[in-house]
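Quick look at work.csv (CSV, C-alpha atoms):
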```
chain,number,residue,atom,x,y,z
A,49,GLN,CA,-22.0,-49.1,-98.8
A,50,VAL,CA,-23.8,-48.3,-95.6
A,51,ARG,CA,-23.6,-44.5,-96.6
A,52,ASP,CA,-22.8,-44.4,-100.3
A,53,CYS,CA,-24.8,-45.7,-103.2
A,54,ARG,CA,-28.3,-47.1,-103.1
A,55,LEU,CA,-29.3,-48.8,-99.9
A,56,SER,CA,-31.8,-51.6,-100.6
A,57,GLY,CA,-32.6,-49.9,-103.9
A,58,LEU,CA,-33.5,-46.5,-102.3
A,59,LEU,CA,-32.4,-43.4,-104.2
A,60,ASP,CA,-29.2,-41.8,-102.9
A,61,LEU,CA,-29.3,-38.0,-102.8
A,62,ALA,CA,-26.1,-36.3,-103.8
A,63,LEU,CA,-25.7,-34.6,-100.4
A,64,GLU,CA,-22.1,-33.6,-101.2
A,65,LYS,CA,-23.5,-31.0,-103.6
A,66,ASP,CA,-24.4,-27.5,-102.3
A,67,TYR,CA,-27.5,-27.4,-104.6
A,68,VAL,CA,-28.9,-30.5,-102.9
A,69,ARG,CA,-28.0,-29.3,-99.4
A,70,SER,CA,-29.6,-25.9,-100.1
A,71,THR,CA,-32.8,-27.5,-101.6
A,72,ILE,CA,-33.2,-29.7,-98.5
A,73,ALA,CA,-32.5,-26.8,-96.1
A,74,GLY,CA,-35.0,-24.7,-98.1
A,75,TYR,CA,-37.8,-27.2,-97.6
A,76,LEU,CA,-37.0,-27.6,-93.9
A,77,ASN,CA,-36.9,-23.8,-93.5
A,78,HIS,CA,-40.4,-23.6,-95.0
A,79,LEU,CA,-41.6,-26.0,-92.4
A,80,ILE,CA,-39.9,-24.0,-89.7
A,81,ASP,CA,-41.6,-20.8,-91.0
A,82,ILE,CA,-45.0,-22.5,-90.6
A,83,GLY,CA,-44.3,-23.5,-87.0
A,84,VAL,CA,-42.5,-26.8,-87.0
A,85,ALA,CA,-40.3,-27.1,-83.9
A,86,GLY,CA,-37.8,-29.8,-85.0
A,87,PHE,CA,-37.1,-32.8,-87.1
A,88,ARG,CA,-36.4,-36.5,-86.7
A,89,ILE,CA,-33.9,-37.6,-89.4
A,90,ASP,CA,-34.7,-41.1,-90.5
A,91,ALA,CA,-31.9,-43.4,-91.5
A,92,ALA,CA,-29.2,-40.9,-90.4
A,93,LYS,CA,-26.8,-43.9,-90.2
A,94,HIS,CA,-26.9,-44.0,-94.0
A,95,MET,CA,-25.8,-40.4,-94.5
A,96,TRP,CA,-22.4,-38.9,-93.8
A,97,PRO,CA,-22.5,-36.8,-90.6
A,98,GLY,CA,-20.7,-34.0,-92.4
A,99,ASP,CA,-23.2,-33.8,-95.2
A,100,MET,CA,-26.0,-33.6,-92.7
A,101,LYS,CA,-24.2,-30.9,-90.8
A,102,ALA,CA,-23.9,-28.9,-93.9
A,103,PHE,CA,-27.7,-28.7,-94.5
A,104,LEU,CA,-28.5,-28.4,-90.7
A,105,ASP,CA,-26.2,-25.4,-90.5
A,106,LYS,CA,-28.4,-23.7,-93.0
A,107,LEU,CA,-31.5,-23.9,-90.9
A,108,ASN,CA,-33.2,-20.8,-89.5
A,109,ASN,CA,-34.1,-20.3,-85.9
A,110,LEU,CA,-37.7,-21.2,-84.9
A,111,ASN,CA,-40.6,-18.8,-85.8
A,112,THR,CA,-40.8,-16.2,-83.0
A,113,LYS,CA,-44.6,-16.2,-83.4
A,114,TRP,CA,-44.6,-19.4,-81.3
A,115,PHE,CA,-41.1,-19.7,-79.9
A,116,ALA,CA,-38.6,-17.6,-77.9
A,117,SER,CA,-36.2,-15.6,-80.0
A,118,GLY,CA,-33.0,-17.5,-80.9
A,119,THR,CA,-34.5,-20.9,-80.4
A,120,LYS,CA,-33.0,-23.5,-82.7
A,121,PRO,CA,-34.9,-26.5,-84.1
A,122,PHE,CA,-34.8,-29.7,-82.1
A,123,ILE,CA,-32.9,-32.3,-84.1
A,124,TYR,CA,-32.6,-36.0,-83.4
A,125,GLN,CA,-31.2,-38.7,-85.7
A,126,GLU,CA,-32.2,-42.3,-86.1
A,127,VAL,CA,-28.9,-44.2,-85.7
A,128,ILE,CA,-29.1,-47.8,-84.8
A,129,ASP,CA,-25.9,-48.5,-82.8
A,130,LEU,CA,-26.1,-51.7,-80.7
A,131,GLY,CA,-22.3,-51.9,-80.7
A,132,GLY,CA,-19.9,-53.9,-82.8
A,133,GLU,CA,-20.3,-51.8,-86.0
A,134,PRO,CA,-18.0,-49.2,-87.6
A,135,ILE,CA,-20.7,-46.6,-87.6
A,136,THR,CA,-21.5,-45.3,-84.1
A,137,GLY,CA,-24.0,-42.8,-82.6
A,138,SER,CA,-21.1,-40.7,-81.4
A,139,GLN,CA,-20.2,-39.7,-85.0
A,140,TYR,CA,-23.5,-37.8,-85.1
A,141,PHE,CA,-23.4,-35.9,-81.8
A,142,ASP,CA,-22.4,-32.6,-83.4
A,143,ASN,CA,-25.7,-32.6,-85.3
A,144,GLY,CA,-28.1,-33.2,-82.4
A,145,ARG,CA,-29.4,-36.1,-80.3
A,146,VAL,CA,-29.3,-39.7,-81.4
A,147,THR,CA,-31.7,-42.6,-80.8
A,148,GLU,CA,-30.4,-44.8,-78.1
A,149,PHE,CA,-31.9,-48.2,-79.1
A,150,LYS,CA,-30.1,-50.0,-76.3
A,151,TYR,CA,-32.3,-48.2,-73.8
A,152,GLY,CA,-35.6,-50.0,-74.6
A,153,ALA,CA,-33.9,-53.3,-75.2
A,154,LYS,CA,-32.1,-53.3,-71.8
A,155,LEU,CA,-35.1,-51.9,-69.9
A,156,GLY,CA,-37.4,-54.5,-71.4
A,157,THR,CA,-35.0,-57.3,-70.3
A,158,VAL,CA,-34.9,-55.9,-66.8
A,159,ILE,CA,-38.7,-55.4,-66.4
A,160,ARG,CA,-39.3,-58.9,-67.9
A,161,LYS,CA,-36.7,-60.3,-65.4
A,162,TRP,CA,-35.0,-62.1,-68.2
A,163,ASN,CA,-31.4,-63.4,-68.0
A,164,GLY,CA,-31.3,-62.9,-64.2
A,165,GLU,CA,-31.8,-59.1,-64.5
A,166,LYS,CA,-33.3,-57.2,-61.6
A,167,MET,CA,-34.6,-53.7,-61.2
A,168,SER,CA,-32.1,-53.2,-58.4
A,169,TYR,CA,-29.4,-53.2,-61.1
A,170,LEU,CA,-31.0,-49.9,-62.4
A,171,LYS,CA,-29.3,-47.8,-59.7
A,172,ASN,CA,-26.7,-46.6,-62.2
A,173,TRP,CA,-29.1,-46.5,-65.2
A,174,GLY,CA,-27.9,-44.4,-68.1
A,175,GLU,CA,-24.3,-43.9,-69.1
A,176,GLY,CA,-23.4,-46.6,-66.5
A,177,TRP,CA,-25.1,-49.1,-68.8
A,178,GLY,CA,-23.0,-48.1,-71.8
A,179,PHE,CA,-25.5,-45.7,-73.3
A,180,VAL,CA,-24.6,-42.4,-75.0
A,181,PRO,CA,-24.3,-39.3,-72.9
A,182,SER,CA,-27.6,-38.1,-71.5
A,183,ASP,CA,-27.5,-34.8,-73.3
A,184,ARG,CA,-27.2,-36.6,-76.6
A,185,ALA,CA,-29.7,-39.4,-76.0
A,186,LEU,CA,-33.3,-39.7,-77.4
A,187,VAL,CA,-34.9,-42.5,-75.4
A,188,PHE,CA,-38.0,-44.6,-75.7
A,189,VAL,CA,-39.4,-47.9,-74.5
A,190,ASP,CA,-40.6,-48.9,-78.0
A,191,ASN,CA,-41.0,-47.3,-81.4
A,192,HIS,CA,-43.0,-47.9,-84.6
A,193,ASP,CA,-40.5,-50.4,-85.9
A,194,ASN,CA,-39.4,-52.5,-82.9
A,195,GLN,CA,-43.0,-52.8,-81.5
A,196,ARG,CA,-43.6,-55.1,-84.4
A,197,GLY,CA,-40.2,-56.8,-84.5
A,198,HIS,CA,-38.5,-54.5,-87.1
A,199,GLY,CA,-35.5,-52.4,-86.6
A,200,ALA,CA,-33.5,-52.9,-83.4
A,201,GLY,CA,-34.2,-54.2,-79.9
A,202,GLY,CA,-35.4,-57.8,-80.4
A,203,ALA,CA,-37.9,-59.8,-78.3
A,204,SER,CA,-37.3,-58.0,-75.0
A,205,ILE,CA,-39.0,-54.8,-76.3
A,206,LEU,CA,-42.1,-54.0,-74.2
A,207,THR,CA,-45.2,-52.6,-76.0
A,208,PHE,CA,-48.9,-51.9,-75.4
A,209,TRP,CA,-49.6,-55.6,-75.9
A,210,ASP,CA,-47.7,-56.1,-72.5
A,211,ALA,CA,-49.7,-53.2,-70.9
A,212,ARG,CA,-48.9,-53.9,-67.2
A,213,LEU,CA,-45.1,-54.2,-67.7
A,214,TYR,CA,-45.2,-51.5,-70.4
A,215,LYS,CA,-46.7,-48.9,-68.0
A,216,MET,CA,-44.0,-49.7,-65.4
A,217,ALA,CA,-41.2,-49.2,-68.1
A,218,VAL,CA,-42.6,-46.0,-69.4
A,219,GLY,CA,-43.1,-44.8,-65.8
A,220,PHE,CA,-39.5,-45.5,-65.0
A,221,MET,CA,-38.3,-43.8,-68.1
A,222,LEU,CA,-40.3,-40.6,-67.4
A,223,ALA,CA,-39.3,-40.5,-63.8
A,224,HIS,CA,-35.6,-41.0,-64.5
A,225,PRO,CA,-33.4,-38.0,-65.5
A,226,TYR,CA,-31.5,-39.8,-68.3
A,227,GLY,CA,-32.0,-38.7,-71.8
A,228,PHE,CA,-34.8,-36.8,-73.7
A,229,THR,CA,-37.8,-39.0,-73.6
A,230,ARG,CA,-40.3,-39.9,-76.3
A,231,VAL,CA,-43.7,-41.5,-75.6
A,232,MET,CA,-45.1,-43.9,-78.2
A,233,SER,CA,-48.7,-43.7,-79.5
A,234,SER,CA,-49.9,-46.7,-81.5
A,235,PHE,CA,-52.8,-48.5,-83.2
A,236,ARG,CA,-53.7,-52.2,-82.8
A,237,TRP,CA,-53.4,-54.5,-85.7
A,238,PRO,CA,-54.5,-58.2,-86.0
A,239,ARG,CA,-51.4,-60.0,-84.9
A,240,SER,CA,-51.0,-63.5,-86.3
A,241,PHE,CA,-47.9,-65.5,-85.3
A,242,GLN,CA,-46.7,-68.3,-87.5
A,243,ASN,CA,-43.4,-70.0,-86.7
A,244,GLY,CA,-42.7,-67.1,-84.2
A,245,ASN,CA,-43.2,-64.4,-86.8
A,246,ASP,CA,-46.2,-62.0,-87.0
A,247,VAL,CA,-47.4,-62.4,-90.6
A,248,ASN,CA,-49.5,-59.3,-90.2
A,249,ASP,CA,-46.6,-57.0,-89.2
A,250,TRP,CA,-47.2,-54.9,-92.4
A,251,TYR,CA,-50.7,-53.8,-91.3
A,252,GLY,CA,-51.4,-50.0,-91.4
A,253,PRO,CA,-53.8,-48.0,-89.2
A,254,PRO,CA,-57.5,-48.7,-88.6
A,255,HIS,CA,-59.2,-48.0,-91.9
A,256,ASN,CA,-62.5,-47.9,-93.7
A,257,SER,CA,-63.5,-50.3,-96.5
A,258,ASP,CA,-62.2,-47.8,-99.1
A,259,GLY,CA,-58.7,-47.8,-97.4
A,260,SER,CA,-59.1,-44.4,-95.8
A,261,THR,CA,-57.8,-44.0,-92.3
A,262,LYS,CA,-60.4,-44.0,-89.6
A,263,SER,CA,-60.8,-41.0,-87.4
A,264,VAL,CA,-59.8,-41.3,-83.7
A,265,PRO,CA,-62.9,-41.5,-81.4
A,266,ILE,CA,-62.2,-40.3,-77.8
A,267,ASN,CA,-63.9,-42.3,-75.0
A,268,ALA,CA,-65.6,-40.7,-72.0
A,269,ASP,CA,-62.4,-41.5,-69.9
A,270,THR,CA,-60.3,-39.6,-72.5
A,271,THR,CA,-58.7,-42.8,-73.9
A,272,CYS,CA,-59.1,-43.7,-77.6
A,273,GLY,CA,-61.4,-46.2,-79.3
A,274,ASP,CA,-61.7,-48.1,-82.6
A,275,ASP,CA,-58.3,-49.8,-82.3
A,276,TRP,CA,-56.4,-46.6,-81.7
A,277,VAL,CA,-54.2,-47.3,-78.6
A,278,CYS,CA,-53.2,-43.8,-77.8
A,279,GLU,CA,-50.8,-44.8,-75.0
A,280,HIS,CA,-50.1,-41.1,-74.4
A,281,ARG,CA,-53.7,-40.8,-73.2
A,282,TRP,CA,-53.5,-43.6,-70.6
A,283,ARG,CA,-53.8,-42.0,-67.2
A,284,GLN,CA,-50.6,-43.6,-65.9
A,285,ILE,CA,-48.5,-42.4,-68.8
A,286,ARG,CA,-50.2,-39.0,-69.1
A,287,ASN,CA,-49.7,-38.3,-65.4
A,288,MET,CA,-46.0,-39.4,-65.6
A,289,VAL,CA,-45.4,-36.8,-68.4
A,290,VAL,CA,-46.7,-34.3,-65.9
A,291,PHE,CA,-44.4,-35.8,-63.2
A,292,ARG,CA,-41.4,-35.4,-65.6
A,293,ASN,CA,-42.2,-31.7,-66.2
A,294,VAL,CA,-42.7,-31.0,-62.5
A,295,VAL,CA,-39.3,-32.6,-61.5
A,296,ASP,CA,-37.3,-31.2,-64.5
A,297,GLY,CA,-33.8,-30.2,-63.5
A,298,GLU,CA,-34.0,-32.0,-60.1
A,299,ALA,CA,-31.3,-34.4,-59.1
A,300,PHE,CA,-31.7,-38.2,-59.0
A,301,ALA,CA,-31.9,-38.9,-55.3
A,302,ASN,CA,-33.0,-41.2,-52.4
A,303,TRP,CA,-32.5,-44.5,-54.3
A,304,TRP,CA,-33.7,-47.6,-52.4
A,305,ASP,CA,-33.9,-51.2,-53.5
A,306,ASN,CA,-34.4,-54.6,-51.8
A,307,ASN,CA,-31.6,-56.3,-53.9
A,308,SER,CA,-34.4,-57.7,-56.1
A,309,ASN,CA,-37.2,-56.0,-58.0
A,310,GLN,CA,-38.5,-53.5,-55.5
A,311,VAL,CA,-37.0,-50.1,-56.1
A,312,ALA,CA,-37.6,-46.4,-55.4
A,313,PHE,CA,-36.0,-43.1,-56.2
A,314,GLY,CA,-36.8,-39.4,-56.0
A,315,ARG,CA,-36.1,-36.3,-58.0
A,316,GLY,CA,-34.7,-33.7,-55.5
A,317,SER,CA,-37.5,-32.5,-53.3
A,318,LYS,CA,-40.2,-32.5,-56.0
A,319,GLY,CA,-41.1,-36.1,-56.9
A,320,PHE,CA,-40.8,-39.8,-55.7
A,321,ILE,CA,-41.6,-43.1,-57.4
A,322,VAL,CA,-41.8,-46.7,-56.0
A,323,PHE,CA,-42.0,-49.9,-58.0
A,324,ASN,CA,-42.8,-53.5,-57.0
A,325,ASN,CA,-41.9,-55.9,-59.7
A,326,ASP,CA,-41.4,-58.8,-57.3
A,327,ASP,CA,-43.8,-61.7,-56.6
A,328,TRP,CA,-44.5,-60.5,-53.1
A,329,GLN,CA,-46.0,-57.5,-51.3
A,330,LEU,CA,-44.0,-54.3,-50.8
A,331,ASN,CA,-44.4,-52.7,-47.4
A,332,GLU,CA,-41.7,-50.1,-46.7
A,333,SER,CA,-41.1,-46.7,-45.0
A,334,LEU,CA,-39.0,-44.8,-47.4
A,335,GLN,CA,-37.3,-41.4,-47.5
A,336,THR,CA,-39.0,-39.4,-50.2
A,337,GLY,CA,-37.2,-36.1,-49.9
A,338,LEU,CA,-40.6,-34.4,-50.2
A,339,PRO,CA,-42.2,-31.8,-47.9
A,340,SER,CA,-44.6,-33.2,-45.3
A,341,GLY,CA,-48.3,-33.5,-46.3
A,342,THR,CA,-50.8,-35.7,-48.1
A,343,TYR,CA,-50.1,-36.6,-51.7
A,344,CYS,CA,-52.2,-38.1,-54.5
A,345,ASP,CA,-50.7,-41.1,-56.2
A,346,VAL,CA,-50.9,-40.1,-59.9
A,347,ILE,CA,-50.7,-43.8,-61.1
A,348,SER,CA,-53.9,-45.0,-59.4
A,349,GLY,CA,-55.8,-41.8,-59.8
A,350,ASP,CA,-55.9,-38.0,-60.3
A,351,LYS,CA,-55.9,-34.9,-58.1
A,352,GLU,CA,-59.3,-33.4,-58.9
A,353,ASN,CA,-60.7,-30.3,-57.0
A,354,GLY,CA,-58.3,-30.8,-54.2
A,355,ARG,CA,-59.2,-34.5,-53.7
A,356,CYS,CA,-57.6,-37.7,-54.9
A,357,THR,CA,-59.4,-40.4,-56.9
A,358,GLY,CA,-56.6,-42.9,-56.2
A,359,ILE,CA,-54.3,-43.9,-53.3
A,360,GLU,CA,-53.3,-41.2,-50.9
A,361,VAL,CA,-49.7,-41.1,-49.5
A,362,TYR,CA,-48.8,-39.4,-46.2
A,363,VAL,CA,-45.3,-37.9,-46.0
A,364,SER,CA,-44.3,-37.1,-42.4
A,365,SER,CA,-42.2,-34.1,-41.2
A,366,ASP,CA,-39.0,-36.2,-41.6
A,367,GLY,CA,-39.8,-36.8,-45.3
A,368,LYS,CA,-40.6,-40.5,-44.8
A,369,ALA,CA,-43.7,-42.2,-46.1
A,370,ASN,CA,-45.1,-45.8,-45.9
A,371,PHE,CA,-45.7,-47.5,-49.2
A,372,GLN,CA,-47.7,-50.7,-49.6
A,373,ILE,CA,-47.9,-52.2,-53.1
A,374,SER,CA,-49.4,-55.6,-53.8
A,375,ASN,CA,-47.7,-57.7,-56.4
A,376,ASN,CA,-51.2,-58.3,-57.7
A,377,ALA,CA,-52.0,-54.6,-58.1
A,378,GLU,CA,-53.3,-53.5,-61.5
A,379,ASP,CA,-50.3,-51.1,-61.7
A,380,PRO,CA,-47.6,-52.1,-59.1
A,381,PHE,CA,-46.0,-48.7,-58.8
A,382,ILE,CA,-46.8,-45.4,-57.0
A,383,ALA,CA,-45.7,-41.9,-58.0
A,384,ILE,CA,-46.1,-38.6,-56.1
A,385,HIS,CA,-45.0,-35.1,-56.8
A,386,VAL,CA,-45.4,-31.6,-55.3
A,387,ASP,CA,-48.1,-30.6,-57.8
A,388,ALA,CA,-50.2,-33.6,-56.6
A,389,LYS,CA,-50.1,-32.5,-53.0
A,390,LEU,CA,-53.6,-32.2,-51.5
```
Let's see the structure in the file written out as structure tokens.
Amino acid sequence: QVRDCRLSGLLDLALEKDYVRSTIAGYLNHLIDIGVAGFRIDAAKHMWPGDMKAFLDKLNNLNTKWFASGTKPFIYQEVIDLGGEPITGSQYFDNGRVTEFKYGAKLGTVIRKWNGEKMSYLKNWGEGWGFVPSDRALVFVDNHDNQRGHGAGGASILTFWDARLYKMAVGFMLAHPYGFTRVMSSFRWPRSFQNGNDVNDWYGPPHNSDGSTKSVPINADTTCGDDWVCEHRWRQIRNMVVFRNVVDGEAFANWWDNNSNQVAFGRGSKGFIVFNNDDWQLNESLQTGLPSGTYCDVISGDKENGRCTGIEVYVSSDGKANFQISNNAEDPFIAIHVDAKL
């Protein structure tokens, strides 16, 4: 009864009927007409892939007022597949991308250094770890469910509550070519653990006394206030989104590790990132693959008016650069890319 009948008492739409399929497609096409670019399909695991395909095939291309002619809506499906169940993510590949919940669970275990895991093991990250193919994967460090212990992923999931490790995990995700990435944006709630469980895990967003949701105040440094976390506005994460866009399409290259938790890799000749998750200093000269010059580390600062507000990295004519990262640094990783060249 995972797909048929009422799941947990929820109504079960008769998706096998063309009237129901056409009604759903009609609503989604209305959203496409007003500019929506795509859809996340919740609980896809609880619908037959063929029934979903039937209404997805009825969708129009995106509105050419905002999108190139012939552009199809972006579709991804929530399918929790941690292995060992009859329903698998691969059954949904024909409809679009699927959520790869193993991604955040495994990456959290590695960054936390649980179970003897090391960042050096990430050299073959992606399909080599048993994940779905890259062109079918929707990946994330945490989501609205598992950041509060719901859904899938378990205790290893990193969230904004673990800010230092979380920024490293999101930085790794955005630098690595595997999958289509999604960045989380959260609000704080008053966590209260009793017997290992957060009894306040049901809390909604910051709200006024009448229950209405509070507006989101923007601080002088562009982050959010009033218990809105806005991870997407954190400099380290915002700048790594830029990094991902700059290196798009470039090959995974120049991997280096110390057989422990210091690793580095590049994306073709456009970007390079170095992590120190060990308990000692990193001091290495590494091949970046980048053109010679002075670069601004986009983790510790920003390139503003041709100057860098953070660490500067010097790449020599042979593509090498010296990196020094203290294990006590606020953010023990450095990222440079061609658009951050001074």
Which polymer residues have any atom within 12 Å of an atom of Met221 in chain A, counting all atoms listed in the file, with same-chain residues fewer than 4 positions away left out, as a VMD selection string?
chain A and resid 151 to 152 154 to 156 159 170 173 to 174 186 to 190 214 to 217 225 to 231 285 288 to 289 291 to 292 321
Neighbouring residues of range 87-94 of chain A were defined as those with any atom within 6 Å, considering all atoms listed in the file; residues of the same chain fewer than 5 positions away were excluded. Please report them as a ChimeraX atom specification.
/A:50-51,123-127
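Within 9 Å of the point (-52.1, -44.3, -75.8), counting all atoms listed in the file, the protein and nucleic acid residues come to Phe208, Val231, Met232, Ser233, Ser234, Phe235, Thr271, Cys272, Trp276, Val277, Cys278, Glu279, His280, Arg281, Trp282, Ile285 and Arg286 of chain A.
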Answer as a PyMOL selection string, residues within 10 Å of (-34.1, -55.2, -54.3) using all atoms listed in the file:
chain A and resi 166-169+304-312+324-326
Which residue of A:His385, A:Arg236, A:His255, A:Lys161 approaches Val290 in chain A most closely, using all atoms listed in the file
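That would be A:His385, the residue with the smallest distance to Val290 in chain A.
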Which residues come within 12 Å of Thr71 in chain A, counting only C-alpha atoms, excluding same-chain residues fewer than 4 positions away, as a ChimeraX atom specification?
/A:61-63,65-67,75-78,102-104,106-107
Distance of CA of Asp210 in chain A from CA of Glu360 in chain A, expressed in Å to one decimal place
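Going from CA of Glu360 in chain A over to CA of Asp210 in chain A covers 26.8 Å.
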Using all atoms listed in the file, the best pick from A:Gly178, A:Pro339, A:Gly199, A:Gly297 as closest to Ser317 in chain A would be A:Pro339
Residue with the minimum atom-to-atom distance to Leu130 in chain A, picked from A:Asn163, A:Asp327, A:Gln195, A:Phe179 with only C-alpha atoms counted, is A:Phe179
So which one's closest to Asn293 in chain A, A:Gly259, A:Pro238, A:Gly118, A:Gly319? Using only C-alpha atoms, please.
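Nearest candidate to Asn293 in chain A out of A:Gly259, A:Pro238, A:Gly118, A:Gly319: A:Gly319.
As for CA of Val361 in chain A and CA of Gly337 in chain A, they are spaced 13.5 Å apart.
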Hey, can you check how far CA of Ile347 in chain A sits from CA of Gln284 in chain A?
4.8 Å
Test item: residues at most 7 Å from range 135-143 of chain A, all atoms listed in the file, excluding those fewer than 6 positions along its chain, as an NGL selection string:
:A and (97 or 101 or 127 or 129 or 184)
Please write the residues from the selection above to a file, keeping C-alpha atoms, as an mmCIF file, keeping the file's coordinate frame.
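New file selection25.cif:
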```
data_model
loop_
_atom_site.group_PDB
_atom_site.id
_atom_site.type_symbol
_atom_site.label_atom_id
_atom_site.label_comp_id
_atom_site.auth_asym_id
_atom_site.auth_seq_id
_atom_site.Cartn_x
_atom_site.Cartn_y
_atom_site.Cartn_z
ATOM 1 C CA PRO A 97 -22.500 -36.800 -90.600
ATOM 2 C CA LYS A 101 -24.200 -30.900 -90.800
ATOM 3 C CA VAL A 127 -28.900 -44.200 -85.700
ATOM 4 C CA ASP A 129 -25.900 -48.500 -82.800
ATOM 5 C CA ARG A 184 -27.200 -36.600 -76.600
#
```
Where does range 300-357 of chain A meet range 369-384 of chain A within 6 Å, residue by residue, with the nearest atom pair and distance in Å to one decimal for each, counting only C-alpha atoms, listed by chain and rising number, as CSV?
```
residue,atom,partner,partner_atom,distance
A:Gly319,CA,A:Ile384,CA,5.6
A:Phe320,CA,A:Ile384,CA,5.4
A:Ile321,CA,A:Ala383,CA,4.3
A:Val322,CA,A:Ile382,CA,5.3
A:Phe323,CA,A:Phe381,CA,4.3
A:Asn324,CA,A:Pro380,CA,5.4
A:Asp327,CA,A:Asn375,CA,5.6
A:Trp328,CA,A:Asn375,CA,5.4
A:Gln329,CA,A:Ser374,CA,4.6
A:Leu330,CA,A:Ile373,CA,5.0
A:Asn331,CA,A:Gln372,CA,4.4
A:Glu332,CA,A:Phe371,CA,5.4
A:Ser333,CA,A:Asn370,CA,4.2
A:Leu334,CA,A:Ala369,CA,5.5
A:Asp345,CA,A:Ile384,CA,5.2
A:Val346,CA,A:Ala383,CA,5.8
A:Ile347,CA,A:Ile382,CA,5.9
```
Considering only C-alpha atoms, state which residue in the set A:Gly358, A:Pro121, A:Gly367, A:Gly197 is at the smallest distance from Lys318 in chain A.
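Comparing A:Gly358, A:Pro121, A:Gly367, A:Gly197 against Lys318 in chain A, the winner is A:Gly367.
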Residue with smallest distance to Lys368 in chain A - pool A:Gly349, A:Asn302, A:Cys53, A:Cys344, counting only C-alpha atoms:
A:Asn302
Which residues are close to Pro254 in chain A, i.e. within 7 Å by only C-alpha atoms, leaving aside same-chain residues fewer than 5 positions away? Reply as a ChimeraX atom specification.
/A:261-262,275
Could you rebuild range 277-288 of chain A with N, CA, C and O atoms and give me the result as a short mmCIF file (atom, residue, chain, number, x, y, z; two decimals), in the frame of the given file?
```
data_model
loop_
_atom_site.label_atom_id
_atom_site.label_comp_id
_atom_site.auth_asym_id
_atom_site.auth_seq_id
_atom_site.Cartn_x
_atom_site.Cartn_y
_atom_site.Cartn_z
N VAL A 277 -54.70 -47.02 -79.99
CA VAL A 277 -54.20 -47.30 -78.60
C VAL A 277 -54.01 -46.07 -77.82
O VAL A 277 -54.41 -45.98 -76.66
N CYS A 278 -53.37 -45.07 -78.42
CA CYS A 278 -53.20 -43.80 -77.80
C CYS A 278 -52.56 -43.91 -76.36
O CYS A 278 -53.11 -43.41 -75.37
N GLU A 279 -51.41 -44.60 -76.28
CA GLU A 279 -50.80 -44.80 -75.00
C GLU A 279 -50.54 -43.43 -74.26
O GLU A 279 -50.54 -43.38 -73.03
N HIS A 280 -50.35 -42.37 -75.04
CA HIS A 280 -50.10 -41.10 -74.40
C HIS A 280 -51.30 -40.54 -73.67
O HIS A 280 -51.17 -39.60 -72.88
N ARG A 281 -52.47 -41.15 -73.88
CA ARG A 281 -53.70 -40.80 -73.20
C ARG A 281 -53.98 -41.65 -71.95
O ARG A 281 -54.90 -41.35 -71.19
N TRP A 282 -53.25 -42.76 -71.81
CA TRP A 282 -53.50 -43.60 -70.60
C TRP A 282 -53.14 -42.78 -69.39
O TRP A 282 -52.12 -42.08 -69.35
N ARG A 283 -54.00 -42.84 -68.37
CA ARG A 283 -53.80 -42.00 -67.20
C ARG A 283 -52.39 -42.15 -66.61
O ARG A 283 -51.75 -41.16 -66.27
N GLN A 284 -51.92 -43.39 -66.50
CA GLN A 284 -50.60 -43.60 -65.90
C GLN A 284 -49.49 -42.94 -66.65
O GLN A 284 -48.56 -42.39 -66.05
N ILE A 285 -49.57 -42.98 -67.97
CA ILE A 285 -48.50 -42.40 -68.80
C ILE A 285 -48.70 -40.87 -68.88
O ILE A 285 -47.73 -40.11 -68.72
N ARG A 286 -49.92 -40.41 -69.09
CA ARG A 286 -50.20 -39.00 -69.10
C ARG A 286 -49.73 -38.29 -67.84
O ARG A 286 -49.07 -37.24 -67.87
N ASN A 287 -50.04 -38.91 -66.70
CA ASN A 287 -49.70 -38.30 -65.40
C ASN A 287 -48.15 -38.37 -65.18
O ASN A 287 -47.60 -37.52 -64.47
N MET A 288 -47.47 -39.36 -65.75
CA MET A 288 -46.00 -39.40 -65.60
C MET A 288 -45.32 -38.37 -66.49
O MET A 288 -44.21 -37.93 -66.18
#
```
